[in-house]
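Q: You'll find data.cif just under this line, and it carries mmCIF, C-alpha atoms.
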data_upload
loop_
_atom_site.label_atom_id
_atom_site.label_comp_id
_atom_site.auth_asym_id
_atom_site.auth_seq_id
_atom_site.Cartn_x
_atom_site.Cartn_y
_atom_site.Cartn_z
CA LYS A 11 4.35 -14.18 -27.55
CA ALA A 12 6.91 -12.79 -25.14
CA PRO A 13 5.95 -11.48 -21.69
CA ILE A 14 6.32 -7.72 -21.34
CA THR A 15 4.94 -6.56 -18.02
CA GLY A 16 3.32 -7.89 -14.88
CA CYS A 17 1.42 -6.15 -12.09
CA LEU A 18 2.39 -6.81 -8.47
CA LYS A 19 -0.75 -6.39 -6.40
CA ASN A 20 -0.92 -6.87 -2.64
CA ILE A 21 2.53 -8.47 -2.74
CA ILE A 22 1.75 -11.56 -4.79
CA ASN A 23 -0.63 -10.99 -7.69
CA ILE A 24 1.27 -10.73 -10.97
CA LEU A 25 -0.71 -10.42 -14.19
CA TRP A 26 0.46 -10.72 -17.76
CA THR A 27 0.36 -8.52 -20.81
CA PHE A 28 1.80 -9.63 -24.13
CA SER A 29 2.75 -8.07 -27.41
CA ALA A 30 2.98 -9.73 -30.83
CA ALA A 31 3.17 -8.49 -34.39
CA SER A 32 -0.56 -7.88 -34.65
CA ASP A 33 -2.02 -8.49 -31.19
CA ARG A 34 -1.81 -6.67 -27.88
CA VAL A 35 -3.50 -8.85 -25.30
CA GLY A 36 -3.64 -9.44 -21.58
CA VAL A 37 -4.60 -12.13 -19.11
CA GLY A 38 -6.55 -11.04 -16.07
CA CYS A 39 -7.64 -12.53 -12.77
CA PHE A 40 -8.83 -15.92 -13.98
CA VAL A 41 -8.06 -18.31 -16.83
CA ASN A 42 -10.80 -20.93 -16.91
CA SER A 43 -14.39 -21.71 -16.00
CA CYS A 44 -16.90 -24.35 -17.05
CA GLY A 45 -18.63 -22.12 -19.63
CA LYS A 46 -21.90 -24.00 -19.11
CA CYS A 47 -23.44 -22.90 -15.80
CA ALA A 48 -25.85 -19.99 -15.39
CA ALA A 49 -23.11 -17.66 -14.17
CA CYS A 50 -20.79 -18.41 -17.10
CA LYS A 51 -23.60 -18.03 -19.63
CA ALA A 52 -24.42 -14.66 -18.06
CA GLY A 53 -20.82 -13.48 -18.54
CA GLN A 54 -20.11 -13.76 -14.82
CA GLU A 55 -17.35 -16.34 -14.99
CA GLN A 56 -16.04 -15.26 -11.60
CA PHE A 57 -19.04 -17.02 -10.03
CA CYS A 58 -18.72 -20.28 -12.01
CA GLU A 59 -20.59 -23.07 -10.24
CA LYS A 60 -17.85 -25.59 -11.03
CA GLY A 61 -15.25 -23.18 -9.69
CA THR A 62 -13.37 -20.38 -11.37
CA VAL A 63 -9.70 -21.11 -12.07
CA ILE A 64 -7.68 -18.16 -10.79
CA VAL A 65 -4.61 -17.03 -12.74
CA PHE A 66 -2.19 -18.12 -10.03
CA ASP A 67 -2.07 -20.77 -7.28
CA SER A 68 -5.37 -22.32 -8.39
CA LYS A 69 -6.05 -25.92 -9.42
CA ASP A 70 -7.22 -26.18 -13.02
CA TYR A 71 -9.72 -28.79 -14.10
CA ASP A 72 -6.94 -31.09 -15.31
CA GLY A 73 -5.29 -31.02 -11.88
CA THR A 74 -2.42 -28.69 -12.77
CA VAL A 75 -1.81 -25.65 -10.58
CA THR A 76 -1.72 -22.25 -12.27
CA GLN A 77 1.41 -20.15 -11.82
CA GLY A 78 0.30 -16.85 -13.36
CA GLY A 79 3.05 -14.25 -13.47
CA TYR A 80 5.43 -16.57 -11.66
CA SER A 81 5.93 -18.59 -14.83
CA GLN A 82 7.97 -17.71 -17.91
CA ALA A 83 5.09 -18.63 -20.23
CA ILE A 84 1.35 -19.01 -19.89
CA VAL A 85 -1.25 -20.93 -21.91
CA VAL A 86 -4.81 -19.63 -21.73
CA LYS A 87 -8.04 -20.42 -23.57
CA ASP A 88 -8.83 -17.71 -26.10
CA HIS A 89 -12.04 -16.77 -24.23
CA PHE A 90 -9.94 -15.52 -21.32
CA VAL A 91 -7.53 -13.42 -23.39
CA LEU A 92 -8.34 -9.71 -23.48
CA HIS A 93 -7.59 -7.17 -26.19
CA ILE A 94 -5.57 -4.17 -25.03
CA PRO A 95 -6.49 -1.02 -26.98
CA ASP A 96 -3.64 0.87 -28.61
CA GLU A 97 -4.26 3.90 -26.39
CA LEU A 98 -3.14 1.92 -23.33
CA SER A 99 0.48 1.08 -22.71
CA LEU A 100 1.12 -2.49 -21.62
CA ALA A 101 2.46 -1.19 -18.31
CA ASN A 102 -0.73 0.75 -17.60
CA ALA A 103 -2.92 -2.13 -18.75
CA ALA A 104 -1.43 -4.59 -16.26
CA PRO A 105 -2.92 -2.99 -13.09
CA LEU A 106 -6.23 -2.41 -14.88
CA LEU A 107 -6.59 -6.17 -15.35
CA CYS A 108 -6.85 -6.48 -11.56
CA ALA A 109 -7.42 -3.20 -9.72
CA GLY A 110 -9.22 -1.73 -12.72
CA ILE A 111 -11.90 -4.40 -13.02
CA THR A 112 -12.18 -4.64 -9.22
CA THR A 113 -13.31 -1.01 -9.05
CA TYR A 114 -15.06 -0.67 -12.43
CA ASN A 115 -17.40 -3.62 -11.81
CA PRO A 116 -19.29 -2.22 -8.78
CA LEU A 117 -19.57 1.24 -10.33
CA LYS A 118 -21.24 -0.29 -13.38
CA GLN A 119 -23.30 -2.73 -11.34
CA TYR A 120 -24.88 0.14 -9.40
CA ASN A 121 -25.34 2.40 -12.43
CA ILE A 122 -23.02 5.20 -11.38
CA GLY A 123 -23.37 8.15 -13.75
CA LYS A 124 -23.74 11.89 -14.08
CA ASP A 125 -26.47 12.18 -11.44
CA SER A 126 -24.57 10.13 -8.86
CA ARG A 127 -22.78 11.41 -5.79
CA VAL A 128 -20.04 8.94 -4.92
CA ALA A 129 -17.57 8.63 -2.06
CA ILE A 130 -14.38 6.58 -2.33
CA ILE A 131 -12.75 5.44 0.91
CA GLY A 132 -8.99 5.46 0.43
CA LEU A 133 -6.75 6.79 -2.32
CA GLY A 134 -4.39 3.86 -2.68
CA GLY A 135 -3.83 1.23 -5.34
CA LEU A 136 -7.55 0.62 -5.77
CA GLY A 137 -8.88 4.01 -4.74
CA HIS A 138 -6.97 6.19 -7.18
CA ILE A 139 -8.33 4.13 -10.08
CA ALA A 140 -11.86 4.09 -8.66
CA VAL A 141 -11.85 7.90 -8.44
CA GLN A 142 -10.86 8.16 -12.10
CA PHE A 143 -13.53 5.73 -13.26
CA ALA A 144 -16.31 7.34 -11.22
CA ALA A 145 -15.33 10.84 -12.35
CA LYS A 146 -15.15 9.81 -16.02
CA MET A 147 -18.61 8.26 -15.67
CA GLY A 148 -19.81 11.73 -14.72
CA ALA A 149 -20.26 11.28 -10.98
CA ASP A 150 -19.53 13.89 -8.34
CA VAL A 151 -16.71 12.17 -6.42
CA THR A 152 -15.52 12.74 -2.86
CA VAL A 153 -12.54 10.96 -1.34
CA PHE A 154 -12.57 9.97 2.31
CA GLY A 155 -8.97 10.14 3.54
CA HIS A 156 -7.15 10.08 6.84
CA SER A 157 -4.70 12.96 6.28
CA GLU A 158 -4.12 16.06 4.18
CA SER A 159 -1.29 14.42 2.25
CA LYS A 160 -3.42 13.21 -0.66
CA ARG A 161 -5.90 16.07 -1.05
CA GLU A 162 -4.19 17.52 -4.14
CA GLU A 163 -3.73 14.10 -5.74
CA ALA A 164 -7.41 13.29 -5.21
CA ALA A 165 -8.32 16.41 -7.16
CA LYS A 166 -5.86 15.47 -9.91
CA PHE A 167 -7.60 12.11 -10.31
CA GLY A 168 -10.99 13.81 -10.63
CA ALA A 169 -12.38 14.16 -7.10
CA THR A 170 -14.34 17.33 -6.36
CA GLY A 171 -14.31 16.79 -2.60
CA TYR A 172 -11.92 15.48 0.04
CA GLU A 173 -12.97 14.75 3.61
CA ILE A 174 -10.82 13.65 6.54
CA LEU A 175 -12.91 11.41 8.79
CA LYS A 176 -11.45 10.49 12.16
CA ASP A 177 -13.90 11.30 14.92
CA THR A 178 -17.66 10.70 15.02
CA GLU A 179 -18.20 14.45 14.80
CA ASP A 180 -16.48 14.51 11.39
CA PHE A 181 -19.20 12.34 9.87
CA GLN A 182 -22.26 14.27 11.00
CA PRO A 183 -22.16 17.13 8.40
CA LEU A 184 -22.10 14.52 5.60
CA ALA A 185 -25.23 12.61 6.65
CA GLY A 186 -27.52 11.62 3.78
CA GLN A 187 -25.31 13.01 1.01
CA PHE A 188 -24.11 10.00 -1.01
CA ASP A 189 -25.74 7.56 -3.41
CA PHE A 190 -22.82 5.16 -3.32
CA ILE A 191 -19.79 4.62 -1.09
CA LEU A 192 -16.98 2.35 -2.28
CA ASN A 193 -14.57 1.11 0.36
CA THR A 194 -11.17 0.32 -1.17
CA VAL A 195 -9.19 -0.18 2.04
CA ALA A 196 -8.73 -3.45 3.92
CA VAL A 197 -9.06 -1.98 7.39
CA ASP A 198 -11.70 -2.21 10.09
CA LEU A 199 -14.25 0.59 9.69
CA ASP A 200 -16.99 1.68 12.05
CA LEU A 201 -19.93 1.13 9.72
CA ASN A 202 -22.24 2.80 12.18
CA ASN A 203 -20.55 6.07 11.21
CA TYR A 204 -20.49 5.44 7.46
CA MET A 205 -23.93 4.02 6.72
CA PRO A 206 -25.86 7.20 7.73
CA LEU A 207 -23.88 9.11 5.08
CA LEU A 208 -25.94 7.37 2.39
CA LYS A 209 -29.10 8.72 0.83
CA PHE A 210 -32.33 6.75 0.86
CA ASN A 211 -31.61 3.30 -0.66
CA GLY A 212 -27.92 4.18 -1.00
CA VAL A 213 -25.25 1.48 -1.29
CA PHE A 214 -22.08 0.89 0.72
CA CYS A 215 -19.86 -1.55 -1.19
CA TYR A 216 -16.69 -3.33 -0.09
CA VAL A 217 -13.88 -4.13 -2.51
CA GLY A 218 -11.22 -3.74 0.16
CA ILE A 219 -11.94 -6.68 2.45
CA PRO A 220 -10.78 -6.56 6.09
CA SER A 221 -9.62 -9.76 7.76
CA ASP A 222 -11.79 -9.24 10.84
CA GLU A 223 -15.55 -9.55 11.12
CA ILE A 224 -17.60 -6.42 10.52
CA HIS A 225 -20.15 -5.18 13.03
CA LEU A 226 -23.24 -3.14 12.32
CA ASN A 227 -26.05 -1.78 14.42
CA LEU A 228 -29.15 -2.15 12.23
CA PHE A 229 -30.44 1.20 13.43
CA SER A 230 -27.65 2.83 11.40
CA ILE A 231 -29.40 1.68 8.19
CA PHE A 232 -32.99 1.78 9.41
CA GLY A 233 -33.48 5.49 8.79
CA ASN A 234 -32.32 5.47 5.16
CA GLN A 235 -32.90 1.82 4.14
CA ALA A 236 -29.24 1.68 3.12
CA ASN A 237 -27.68 -1.38 1.52
CA LEU A 238 -24.44 -3.08 2.52
CA THR A 239 -22.70 -5.31 -0.02
CA ALA A 240 -19.37 -6.46 -1.46
CA SER A 241 -18.20 -6.78 -5.05
CA ASN A 242 -16.07 -9.42 -6.72
CA VAL A 243 -14.14 -8.71 -9.92
CA GLY A 244 -16.10 -8.55 -13.19
CA GLY A 245 -16.44 -11.22 -15.86
CA ILE A 246 -14.52 -11.34 -19.11
CA ALA A 247 -16.96 -9.18 -21.08
CA MET A 248 -16.99 -6.57 -18.31
CA THR A 249 -13.20 -6.62 -18.14
CA GLN A 250 -12.97 -5.92 -21.86
CA GLU A 251 -15.52 -3.13 -21.49
CA MET A 252 -13.39 -1.68 -18.69
CA LEU A 253 -10.24 -1.69 -20.82
CA ASN A 254 -12.08 -0.01 -23.67
CA PHE A 255 -13.53 2.61 -21.30
CA ALA A 256 -10.12 3.30 -19.77
CA ALA A 257 -8.57 3.74 -23.21
CA LYS A 258 -11.33 6.04 -24.43
CA ASN A 259 -11.42 8.17 -21.28
CA ASP A 260 -7.71 8.32 -20.44
CA VAL A 261 -8.01 6.38 -17.17
CA LYS A 262 -4.49 5.39 -16.19
CA PRO A 263 -3.10 3.88 -13.00
CA GLN A 264 -0.16 5.69 -11.49
CA ILE A 265 2.65 3.16 -11.59
CA GLU A 266 6.24 2.56 -10.57
CA MET A 267 8.10 0.33 -13.03
CA ILE A 268 10.54 -2.07 -11.37
CA GLY A 269 12.84 -4.88 -12.44
CA ILE A 270 12.60 -8.43 -11.17
CA ASP A 271 15.53 -7.85 -8.79
CA ASP A 272 13.59 -5.00 -7.15
CA VAL A 273 10.79 -7.28 -5.92
CA PRO A 274 12.17 -7.72 -2.35
CA THR A 275 12.35 -3.94 -1.93
CA ALA A 276 8.88 -3.56 -3.43
CA TYR A 277 7.60 -6.19 -1.00
CA GLN A 278 8.92 -4.20 1.95
CA ASN A 279 7.52 -0.96 0.56
CA ILE A 280 4.09 -2.56 0.37
CA LEU A 281 4.37 -3.58 4.02
CA ASP A 282 5.45 -0.03 4.87
CA SER A 283 2.65 1.57 2.77
CA LYS A 284 5.16 3.36 0.55
CA VAL A 285 3.72 2.29 -2.82
CA HIS A 286 2.71 5.15 -5.08
CA TYR A 287 0.36 3.66 -6.34
CA ARG A 288 0.99 0.38 -8.25
CA TYR A 289 4.12 -1.59 -8.96
CA VAL A 290 4.57 -2.99 -12.46
CA ILE A 291 7.35 -5.48 -13.09
CA ASP A 292 9.23 -5.29 -16.38
CA MET A 293 9.33 -9.00 -17.17
CA SER A 294 12.06 -8.47 -19.75
CA THR A 295 14.37 -8.19 -16.71
CA LEU A 296 13.66 -11.84 -15.87
CA LYS A 297 16.81 -13.74 -16.84
#
Rewrite the structure of this file - the entire thing - as structure tokens.
A:
Amino acid sequence: KAPITGCLKNIINILWTFSAASDRVGVGCFVNSCGKCAACKAGQEQFCEKGTVIVFDSKDYDGTVTQGGYSQAIVVKDHFVLHIPDELSLANAAPLLCAGITTYNPLKQYNIGKDSRVAIIGLGGLGHIAVQFAAKMGADVTVFGHSESKREEAAKFGATGYEILKDTEDFQPLAGQFDFILNTVAVDLDLNNYMPLLKFNGVFCYVGIPSDEIHLNLFSIFGNQANLTASNVGGIAMTQEMLNFAAKNDVKPQIEMIGIDDVPTAYQNILDSKVHYRYVIDMSTLK
């Protein structure tokens, strides 16, 4: 099976999709787990007690190191190979295998649906997919941005609201309005401003993880008994469910297709925040 496309995520994460005469399949974030522990048996292979084997730069149980999209071929156990529905192009499927499951998993975990009011922080590589998923699940979705530049695009992806939050005063009119807030940006946030925006028992969830420690005054969650958490990617069954949902509901990442020789420029664009919104590498350009 010949490689067709790979997704470049946060500079280094390349995932594979393949096409054969009768199969359209993809390989996602991990390629092995023990299959015997409680997490694996529950379909949560990402929490394998023996240690999940990541698709790239991870030591497999036999001692070999995975190369993921940096190799010209990949061998994966059938359990970790995902079916790509015909409604999804291989190029669109590639980012879903990473950014898609990263955002779909917490929305499902916290039962987001038609009665939910959701806020998505950031409209980047993760955020623009999260908005689509939440909207297609029936939620009322608001995007928290930092400028007017993405207001129209947020609406195109399904958001019904767009708020620019810079100063403490900007947060006050939104107090107690949201069931769920998903942070998709890896920047330091003042949680003491964000947590009061949640309803009683609301959830603030990180999928964009900042490098610095977070700080929280407990009084900011005392009045609404809000919950602060983070979400990993989903297991194999959840990833397949996500692909099926995306195909059925026309959830598509906005991508820029590039050749292998364009990677250095893409790298710099990522550093300069010029990606709009996901790069997908055409692996047929690999000589």
Q: Given the file shown, determine the residues that the PyMOL selection byres ((chain A and resi 139) around 9) selects; report them as a PyMOL selection string.
A: chain A and resi 106+109-110+113-114+133-138+140-144+167+261-264
Q: I need the residue nearest A:Leu98 from this list: A:Ile122, A:Lys297, A:Gly36, A:Leu192. Use all atoms listed in the file for the distance.
A: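 When distances to A:Leu98 are compared using all atoms listed in the file, the smallest one comes from A:Gly36.
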Q: What residues come out when you apply the PyMOL selection byres ((chain A and resi 172-183) around 9) to this file, written as an MDAnalysis selection string?
A: chainID A and resid 151:158 160:161 164:165 169:171 184:186 203:204 206:207
Q: Dump C-alpha atoms for the selected residues as a short mmCIF file (atom, residue, chain, number, x, y, z; two decimals), in the frame of the given file?
A:
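Everything below was put into selection.cif:
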data_model
loop_
_atom_site.label_atom_id
_atom_site.label_comp_id
_atom_site.auth_asym_id
_atom_site.auth_seq_id
_atom_site.Cartn_x
_atom_site.Cartn_y
_atom_site.Cartn_z
CA VAL A 151 -16.71 12.17 -6.42
CA THR A 152 -15.52 12.74 -2.86
CA VAL A 153 -12.54 10.96 -1.34
CA PHE A 154 -12.57 9.97 2.31
CA GLY A 155 -8.97 10.14 3.54
CA HIS A 156 -7.15 10.08 6.84
CA SER A 157 -4.70 12.96 6.28
CA GLU A 158 -4.12 16.06 4.18
CA LYS A 160 -3.42 13.21 -0.66
CA ARG A 161 -5.90 16.07 -1.05
CA ALA A 164 -7.41 13.29 -5.21
CA ALA A 165 -8.32 16.41 -7.16
CA ALA A 169 -12.38 14.16 -7.10
CA THR A 170 -14.34 17.33 -6.36
CA GLY A 171 -14.31 16.79 -2.60
CA LEU A 184 -22.10 14.52 5.60
CA ALA A 185 -25.23 12.61 6.65
CA GLY A 186 -27.52 11.62 3.78
CA ASN A 203 -20.55 6.07 11.21
CA TYR A 204 -20.49 5.44 7.46
CA PRO A 206 -25.86 7.20 7.73
CA LEU A 207 -23.88 9.11 5.08
#
Q: Record the distance separating atom CA of A:Phe214 and atom CA of A:Asp282, expressed in Å with one decimal.
A: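 The value is 27.9 Å.
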Q: Just checking: using all atoms listed in the file, which residue out of A:Gly132, A:Gln235, A:Leu208, A:Met293 ends up closest to A:Ala196?
A: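 Checking each candidate against A:Ala196, we get A:Gly132 as the closest.
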Q: Can you tell me, as a ChimeraX atom specification, what residues are no more than 10 Å from A:Phe210 when counting only C-alpha atoms, ignoring any on the same chain fewer than 4 positions away?
A: /A:186-189,206,231-237
Q: Please report the interatomic distance between atom CA of A:Phe40 and atom CA of A:Val217 in Å with one decimal.
A: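 Atom CA of A:Val217 lies 17.2 Å from atom CA of A:Phe40.
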Q: Could you give me, as a list in words, the residues that sit within 7 Å of (-6.3, -11.2, -22.6) in the file's coordinates, counting all atoms listed in the file?
A: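 The residues that fall inside the cut-off are Val35, Gly36, Val37, Gly38, Phe90, Val91, Leu92 and His93 of chain A.
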Q: Just the residues within 10 Å of A:Gly123, please, counting only C-alpha atoms, with nothing from its chain fewer than 4 positions along; format it as a list in words.
A: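 Surrounding residues, per the criterion: Leu117, Lys118, Arg127, Val128, Ala144, Ala145, Lys146, Met147, Gly148, Ala149 and Asp150 of chain A.
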Q: Contacts of A:Val75 at 12 Å or less, counting only C-alpha atoms, minus same-chain residues fewer than 3 places along, as a PyMOL selection string?
A: chain A and resi 41-42+63-72+78+80-81+84
Q: Quick one: of A:Ile291, A:Val195, A:Met248, A:Leu201, who's nearest to A:Phe229, counting all atoms listed in the file?
A: A:Leu201
Q: With distances taken over all atoms listed in the file, which residue among A:Glu266, A:Phe57, A:Ile111, A:Ser221 lies nearest A:Lys284?
A: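 Using all atoms listed in the file, the shortest distance to A:Lys284 belongs to A:Glu266.
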Q: If you apply the PyMOL selection byres ((chain A and resi 265) around 9) to this file, what residues do you get, as a ChimeraX atom specification?
A: /A:101-102,105,262-264,266-267,285-290
Q: If you measure from atom CA of A:Ala49 to atom CA of A:Leu253, what distance in Å do you get, rounded to one decimal?
A: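 Between atom CA of A:Ala49 and atom CA of A:Leu253 the gap is 21.6 Å.
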Q: Compare A:Gln56, A:Asn211, A:Thr249, A:Gln82 by their minimum atom-to-atom distance to A:Leu296, counting only C-alpha atoms, and give me the closest one.
A: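 Of the candidates, the smallest distance to A:Leu296 is held by A:Gln82.
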Q: Box in all listed atoms of stretch 100-110 of chain A, axis-aligned, with 6 Å more on each side; write out centre and edge lengths in Å to one decimal as AutoDock Vina command-line options.
A:
--center_x -3.4 --center_y -2.9 --center_z -15.7 --size_x 23.7 --size_y 19.2 --size_z 23.9
